[in-house]
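Notes to accompany the following structure.
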Amino acid sequence: ALLFTPLVMLSTSSSIQKFFPLFEKHKRHPLLSLSISIIIFGSVFFIPLFFIFKKSVLPNMPSYAKGNEAELFFNFILPITVLYAFINFFFSYSSIFKKIAIPAFFQVSNKFFTPIIVLLYFLSVIDTHMSVYVLIGCYLFALLGMIIYLFRRNRIHWTNPFQSFKVVRAKDY
């Protein structure tokens, strides 16, 4: 999932950092809306690529990694990729405002939760399927935590994303 994240993000993290200074004077700047729209587009664009990739990878997996279980777990790459893309974007967005302590916690929270999930699995508290669902829940927790943090700091406003092109040419973006 981490390898596919740049495909979904389509360079929005670096673009928002590069072009944000041009939008600082706007109270409700459309650059955030444009970036989120691009990530949504990247996610939709990634879905067919994911299934094409899946059809070519699954048959070539080692024998111990084949079967219905492998296909089921392979499907979890998709939501984790999209969640991780948004987590990385919102971390990059929050760094523009020089507020990174709490967003950094949310960005790396999966590194704290993963060992706990593995431990619960080895102690037979949760099974394999539940461990994957809990892991996805941890990514969702991180994303929601960042969104709530930025919303409370009055940093999330939705406007018409195409208004960004009044300030920055689409070609430059």
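Each chain in the structure tokens gets a letter, A, B, ..., in the order shown, and its residues are numbered from 1; ligands are numbered from 1 in order too.
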Give me the residues of range 76-143 of chain A that have any atom at most 9 Å from an atom of range 14-32 of chain A; for each, the nearest atom pair and the distance in Å, rounded to one decimal. Use only C-alpha atoms, sort by chain and number, and format it as a Markdown table.
```
| residue | atom | partner | partner_atom | distance |
| --- | --- | --- | --- | --- |
| A:Phe89 | CA | A:Ile16 | CA | 8.9 |
| A:Ser92 | CA | A:Gln17 | CA | 7.5 |
| A:Tyr93 | CA | A:Ile16 | CA | 7.0 |
| A:Ser95 | CA | A:Gln17 | CA | 8.6 |
| A:Ile96 | CA | A:Gln17 | CA | 6.5 |
```
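Across the structure, CA of Leu83 in chain A and CA of Ser13 in chain A are spaced 14.4 Å apart.
When only C-alpha atoms are used to compute distances to Ala142 in chain A, the closest of the residues A:Leu2, A:Lys111, A:Val8, A:Ile38 turns out to be A:Lys111.
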- prompt: Mind checking DSSP for chain A and telling me the helix (DSSP H, G or I) residues as a VMD selection string?
  reply: chain A and resid 5 to 9 12 to 23 31 to 60 63 to 65 68 to 75 77 to 96 101 to 122 128 to 152 161 to 166
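Taking only C-alpha atoms, the non-local environment of Ile47 in chain A within 12 Å (same-chain residues fewer than 3 positions away omitted) comprises A:Phe4, A:Leu7, A:Val8, A:Ile40, A:Phe41, A:Gly42, A:Ser43, A:Val44, A:Phe50, A:Phe51, A:Ile52, A:Phe53, A:Lys54, A:Asn75, A:Ile77, A:Leu78, A:Pro79, A:Thr81, A:Val82.
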